[in-house]
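Comments concern the structure below.
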Amino acid sequence: MELNGHQTEDGTSGETENDEAIGPKQTHQQQQQRPWKETPSSVSFLATSNMEGASAGGSASISRKTSSSSTVRQRTESLKKNRPPFPWFGMDIGGALVKLVYFEPTDVTAEEEQEEVENLRSIRHYLTSHTAYGTAGIRDVYLELPGLSLCGRTGSLHFIRFPTHDMAGFLQMVRDKHFSSLHTTLCATGGGAFKFEQDFLMMADLELHKLDELECLIRGVLYIDSVLPSECYYFENPTELERCEEKAFPLENPYPLLLVNIGSGVSILAVYSKDDYRRVTGTSLGGGTFLGMCCLLTGCSTFEEALEMASRGESTHVDKLVRDIYGGDYERFGLPGWAVASSFGNMMCKDKRESVSKEDLARATLVTITNNIGSITRMCALNEMCDHSVCVGWCVFSSEY
């Protein structure tokens with residue numbers, strides 16, 4: 001396993017097989033929506049690591065010397081114990097969002113707390129005492145996973161995100177706060193780990209230890225299921241609102257498994273074991289499409305705003321249904337009247353264009369994207385003979401709609 005660029009001697013955490021499977025993926029608990037703010041774990045720590053030094057005035061240079069000596073000692077002690085020094089976190093730099101996961105140790109001993117360098121203490125306090133950072137970063141409190149064991153330590157996993165287009169501001173903050181005094185290498189996955197590699201090096205003096213995002217995805221799903229089986233769920237009786245119920249779906253014998261990763265676009269993987277998988281196909285119509293179309297059609301500017309508008313809309317005002325064409329069900333082929341025959345089909349009519357609301361357009365966009373993903377997933381599941389299909393990523397946020 002690797003944390004902050006450090007790998008244990010045997011390639012694992014030295015604790016459990018599940019420890020090495022950790023990846024920076026989101027989970028599902030009580031679904032709540034929060035506005036985007038700016039921040040990643042790194043942003044947060046950095047925001048406080050030097051603020052205290054600045055307020056110290058003339059004693060800043062002495063503090064830095066003491067801090068540097070203590071940091072080196074902590075790194076040495078950590079390596080002796082076959083684990084990296086704190087803070088522990090990883091990044092998933094996607095096309096629309098940067099996601100960070102931060103491990104907060106909750107088993108800190110009195111001796112460790114006394115020897116803890118001021119920068120590290122400030123980082124831990126800042127990350128866990130705030131839920132919003134800057135103008136676009138946010139810590140999703142409802143995703144927090146407490147009481148986890150990782151590399152022989154017990155603590156909580158915190159999930160933080162900010163828009164990828166704010167990367168420049170993030171890097172400037174990383175540079176201003178001298179995060180490289182604590183770590184020289186960051187573990188990162190996603191396309192942005194390649195795109196922004198030189199920016200991290202030039203602007204923040206940090207190297208990115210790049211990990212394959214699809215491998216991280218599979219390991220992350222298996223890890224989360226091992227520590228919190230209820231995170232994987234499905235809806236029973238999904239077409240009957242009165243009887244629709246969310247049910248846990250533990251991945252006890254998952255293989256073969258179809259894994260649908262919904263990010264800015266969509267990748268669909270056929271997984272035969274944790275080490276045997278391949279990308280079957282994908283689609284360019286994903287979360288980025290939903291947000292981009294909503295921005296154009298409704299004037300919204302954030303993902304949460306788009307979802308909130310969709311929750312209040314009615315897609316049937318925008319879409320042409322089977323009953324709009326047949327006057328009811330198409331019984332010969334088992335098509336119910338409520339099924340969508342043509343997404344945005346009603347918008348051909350001027351009167352309907354003039355009567356439709358922005359909320360209706362947002363809802364229809366959401367239905368169009370999810371219907372397309374569902375259709376492709378079903379065809380792939382049949383072709384790959386997979387009984388189980390698991391969706392991760394963007395769909396977690398939109399599932400309640």
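Scheme for the structure tokens: letters A, B, ... for chains in order shown; per-chain residue numbers from 1; ligand numbers from 1 in order shown.
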
Counting only C-alpha atoms, which residues of segment 288-342 of chain A fall within 10 Å of segment 92-109 of chain A, and what is the closest atom pair for each with its distance in Å at one decimal, ordered by chain and rising number, as CSV?
```
residue,atom,partner,partner_atom,distance
A:Gly288,CA,A:Ala96,CA,6.6
A:Leu291,CA,A:Ala96,CA,9.4
A:Phe303,CA,A:Ala96,CA,9.8
```

### Task
Go ahead and compute the interatomic distance for atom CA of Gln172 of chain A and atom CA of Asp199 of chain A, in Å to one decimal.
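One can read the atom CA of Gln172 of chain A to atom CA of Asp199 of chain A distance as 10.0 Å.
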
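Of note, atom CA of Val221 of chain A and atom CA of Leu171 of chain A are spaced 28.9 Å apart.
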
### Which of segment 138-227 of chain A DSSP labels alpha helix (DSSP H), written as a PyMOL selection string
chain A and resi 167-176+192-195+197-204+213-227

### Task
Compile the contact shell of Met293 of chain A as a list in words: residues with an atom at most 10 Å away, counting only C-alpha atoms, same-chain residues fewer than 6 positions apart removed.
Gly287, Gly299, Cys300, Ala306, Leu361, Ala362, Thr365 and Leu366 of chain A

### Task
Go through A:Lys352, A:Arg279, A:His209, A:Arg121 and flag the residue nearest Leu258 of chain A, using only C-alpha atoms for the distances.
A:Arg279

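Considering only C-alpha atoms, the residue among A:Leu201, A:Cys391, A:Val260, A:Leu335 positioned nearest to Leu321 of chain A is A:Leu335.
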
### Query
Mind pulling up the distance from atom CA of Ala364 of chain A to atom CA of Met348 of chain A?
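So the answer is 14.4 Å.
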
Give the strand (DSSP E or B) residues of segment 85-189 of chain A, as DSSP finds them on the backbone, and put them as a compact mmCIF listing (two decimals) with N, CA, C and O atoms, in the first residue's frame.
```
# COMPACT_ATOMS: atom_id res chain seq x y z
N TRP A 88 -1.79 11.88 6.37
CA TRP A 88 -2.07 10.91 5.32
C TRP A 88 -3.26 11.37 4.51
O TRP A 88 -4.33 11.60 5.06
N PHE A 89 -3.09 11.48 3.21
CA PHE A 89 -4.22 11.80 2.36
C PHE A 89 -3.89 11.45 0.91
O PHE A 89 -2.73 11.23 0.56
N GLY A 90 -4.90 11.35 0.08
CA GLY A 90 -4.72 11.07 -1.34
C GLY A 90 -5.65 11.95 -2.15
O GLY A 90 -6.62 12.50 -1.62
N MET A 91 -5.34 12.08 -3.44
CA MET A 91 -6.12 12.95 -4.31
C MET A 91 -6.61 12.19 -5.54
O MET A 91 -5.92 11.34 -6.07
N ASP A 92 -7.82 12.51 -5.96
CA ASP A 92 -8.37 12.02 -7.22
C ASP A 92 -8.72 13.26 -8.03
O ASP A 92 -9.70 13.95 -7.73
N ILE A 93 -7.90 13.57 -9.04
CA ILE A 93 -8.07 14.80 -9.80
C ILE A 93 -8.85 14.48 -11.07
O ILE A 93 -8.30 13.98 -12.06
N LEU A 97 -14.14 17.61 -10.79
CA LEU A 97 -13.90 17.78 -9.36
C LEU A 97 -12.57 17.18 -8.94
O LEU A 97 -12.13 16.18 -9.50
N VAL A 98 -11.95 17.80 -7.95
CA VAL A 98 -10.80 17.21 -7.26
C VAL A 98 -11.33 16.69 -5.93
O VAL A 98 -11.98 17.42 -5.18
N LYS A 99 -11.11 15.40 -5.69
CA LYS A 99 -11.57 14.78 -4.45
C LYS A 99 -10.36 14.42 -3.61
O LYS A 99 -9.40 13.87 -4.13
N LEU A 100 -10.42 14.72 -2.32
CA LEU A 100 -9.33 14.37 -1.41
C LEU A 100 -9.87 13.57 -0.24
O LEU A 100 -10.98 13.81 0.23
N VAL A 101 -9.09 12.61 0.20
CA VAL A 101 -9.44 11.84 1.39
C VAL A 101 -8.32 12.04 2.41
O VAL A 101 -7.15 11.97 2.07
N TYR A 102 -8.71 12.36 3.63
CA TYR A 102 -7.75 12.65 4.70
C TYR A 102 -8.01 11.71 5.86
O TYR A 102 -9.15 11.57 6.31
N PHE A 103 -6.95 11.06 6.34
CA PHE A 103 -7.06 10.17 7.50
C PHE A 103 -6.66 10.94 8.74
O PHE A 103 -5.51 11.37 8.89
N GLU A 104 -7.61 11.09 9.66
CA GLU A 104 -7.36 11.76 10.93
C GLU A 104 -7.15 10.72 12.02
O GLU A 104 -8.08 10.00 12.39
N PRO A 105 -5.94 10.60 12.56
CA PRO A 105 -5.71 9.62 13.63
C PRO A 105 -6.45 10.04 14.90
O PRO A 105 -6.38 11.20 15.31
N ALA A 132 -16.06 24.10 5.36
CA ALA A 132 -15.89 24.87 4.13
C ALA A 132 -14.56 25.58 4.18
O ALA A 132 -14.11 26.03 5.24
N TYR A 133 -13.91 25.65 3.02
CA TYR A 133 -12.58 26.25 2.93
C TYR A 133 -12.54 27.14 1.69
O TYR A 133 -12.86 26.69 0.58
N GLY A 137 -14.31 25.04 -1.70
CA GLY A 137 -13.98 23.73 -1.14
C GLY A 137 -14.91 23.34 0.00
O GLY A 137 -15.36 24.20 0.76
N ILE A 138 -15.22 22.07 0.09
CA ILE A 138 -16.12 21.62 1.15
C ILE A 138 -15.76 20.23 1.62
O ILE A 138 -15.31 19.39 0.83
N ARG A 139 -15.93 20.01 2.92
CA ARG A 139 -15.78 18.68 3.49
C ARG A 139 -17.17 18.09 3.67
O ARG A 139 -18.01 18.66 4.36
N LEU A 145 -16.08 8.50 7.61
CA LEU A 145 -16.03 7.12 8.08
C LEU A 145 -15.18 7.05 9.34
O LEU A 145 -13.95 7.07 9.28
N PRO A 146 -15.79 6.99 10.50
CA PRO A 146 -15.04 6.96 11.77
C PRO A 146 -14.64 5.55 12.17
O PRO A 146 -15.18 4.56 11.67
N GLY A 147 -13.65 5.47 13.07
CA GLY A 147 -13.29 4.20 13.67
C GLY A 147 -12.65 3.19 12.75
O GLY A 147 -12.78 1.99 12.95
N LEU A 148 -11.93 3.65 11.72
CA LEU A 148 -11.27 2.74 10.79
C LEU A 148 -9.85 2.42 11.25
O LEU A 148 -9.18 3.23 11.88
N SER A 149 -9.38 1.22 10.90
CA SER A 149 -8.01 0.81 11.19
C SER A 149 -7.22 0.86 9.89
O SER A 149 -7.61 0.25 8.90
N LEU A 150 -6.11 1.59 9.91
CA LEU A 150 -5.30 1.76 8.71
C LEU A 150 -3.84 1.84 9.10
O LEU A 150 -3.45 2.68 9.90
N ARG A 153 -3.05 2.16 12.69
CA ARG A 153 -3.60 3.30 13.41
C ARG A 153 -5.12 3.32 13.30
O ARG A 153 -5.68 2.81 12.33
N THR A 154 -5.77 3.92 14.27
CA THR A 154 -7.23 4.05 14.26
C THR A 154 -7.59 5.51 14.05
O THR A 154 -6.97 6.41 14.64
N GLY A 155 -8.56 5.74 13.19
CA GLY A 155 -8.94 7.12 12.93
C GLY A 155 -10.16 7.22 12.03
O GLY A 155 -10.88 6.25 11.82
N SER A 156 -10.37 8.42 11.50
CA SER A 156 -11.52 8.70 10.64
C SER A 156 -11.05 9.14 9.26
O SER A 156 -10.03 9.82 9.13
N LEU A 157 -11.83 8.77 8.25
CA LEU A 157 -11.58 9.24 6.89
C LEU A 157 -12.50 10.42 6.61
O LEU A 157 -13.72 10.32 6.79
N HIS A 158 -11.92 11.53 6.16
CA HIS A 158 -12.68 12.72 5.79
C HIS A 158 -12.58 12.92 4.29
O HIS A 158 -11.51 12.73 3.69
N PHE A 159 -13.68 13.37 3.68
CA PHE A 159 -13.73 13.55 2.24
C PHE A 159 -13.95 15.02 1.90
O PHE A 159 -14.91 15.63 2.38
N ILE A 160 -13.08 15.55 1.07
CA ILE A 160 -13.08 16.96 0.72
C ILE A 160 -13.05 17.10 -0.79
O ILE A 160 -12.44 16.27 -1.48
N ARG A 161 -13.69 18.12 -1.33
CA ARG A 161 -13.73 18.29 -2.79
C ARG A 161 -13.72 19.77 -3.17
O ARG A 161 -14.14 20.63 -2.38
N PHE A 162 -13.26 20.04 -4.37
CA PHE A 162 -13.34 21.38 -4.94
C PHE A 162 -13.28 21.26 -6.45
O PHE A 162 -12.79 20.27 -6.99
N PRO A 163 -13.81 22.25 -7.20
CA PRO A 163 -13.83 22.18 -8.65
C PRO A 163 -12.43 22.17 -9.25
O PRO A 163 -11.54 22.89 -8.79
N THR A 185 6.09 14.37 -1.69
CA THR A 185 5.36 13.58 -2.67
C THR A 185 3.92 13.39 -2.24
O THR A 185 3.64 13.14 -1.07
N LEU A 186 2.99 13.53 -3.20
CA LEU A 186 1.58 13.30 -2.94
C LEU A 186 1.09 12.16 -3.82
O LEU A 186 1.43 12.08 -4.99
N CYS A 187 0.28 11.27 -3.24
CA CYS A 187 -0.35 10.21 -4.03
C CYS A 187 -1.55 10.79 -4.75
O CYS A 187 -2.39 11.45 -4.13
N ALA A 188 -1.64 10.55 -6.05
CA ALA A 188 -2.74 11.11 -6.83
C ALA A 188 -3.15 10.16 -7.93
O ALA A 188 -2.34 9.40 -8.47
N THR A 189 -4.43 10.20 -8.26
CA THR A 189 -4.95 9.42 -9.37
C THR A 189 -5.87 10.31 -10.20
O THR A 189 -6.07 11.48 -9.87
```
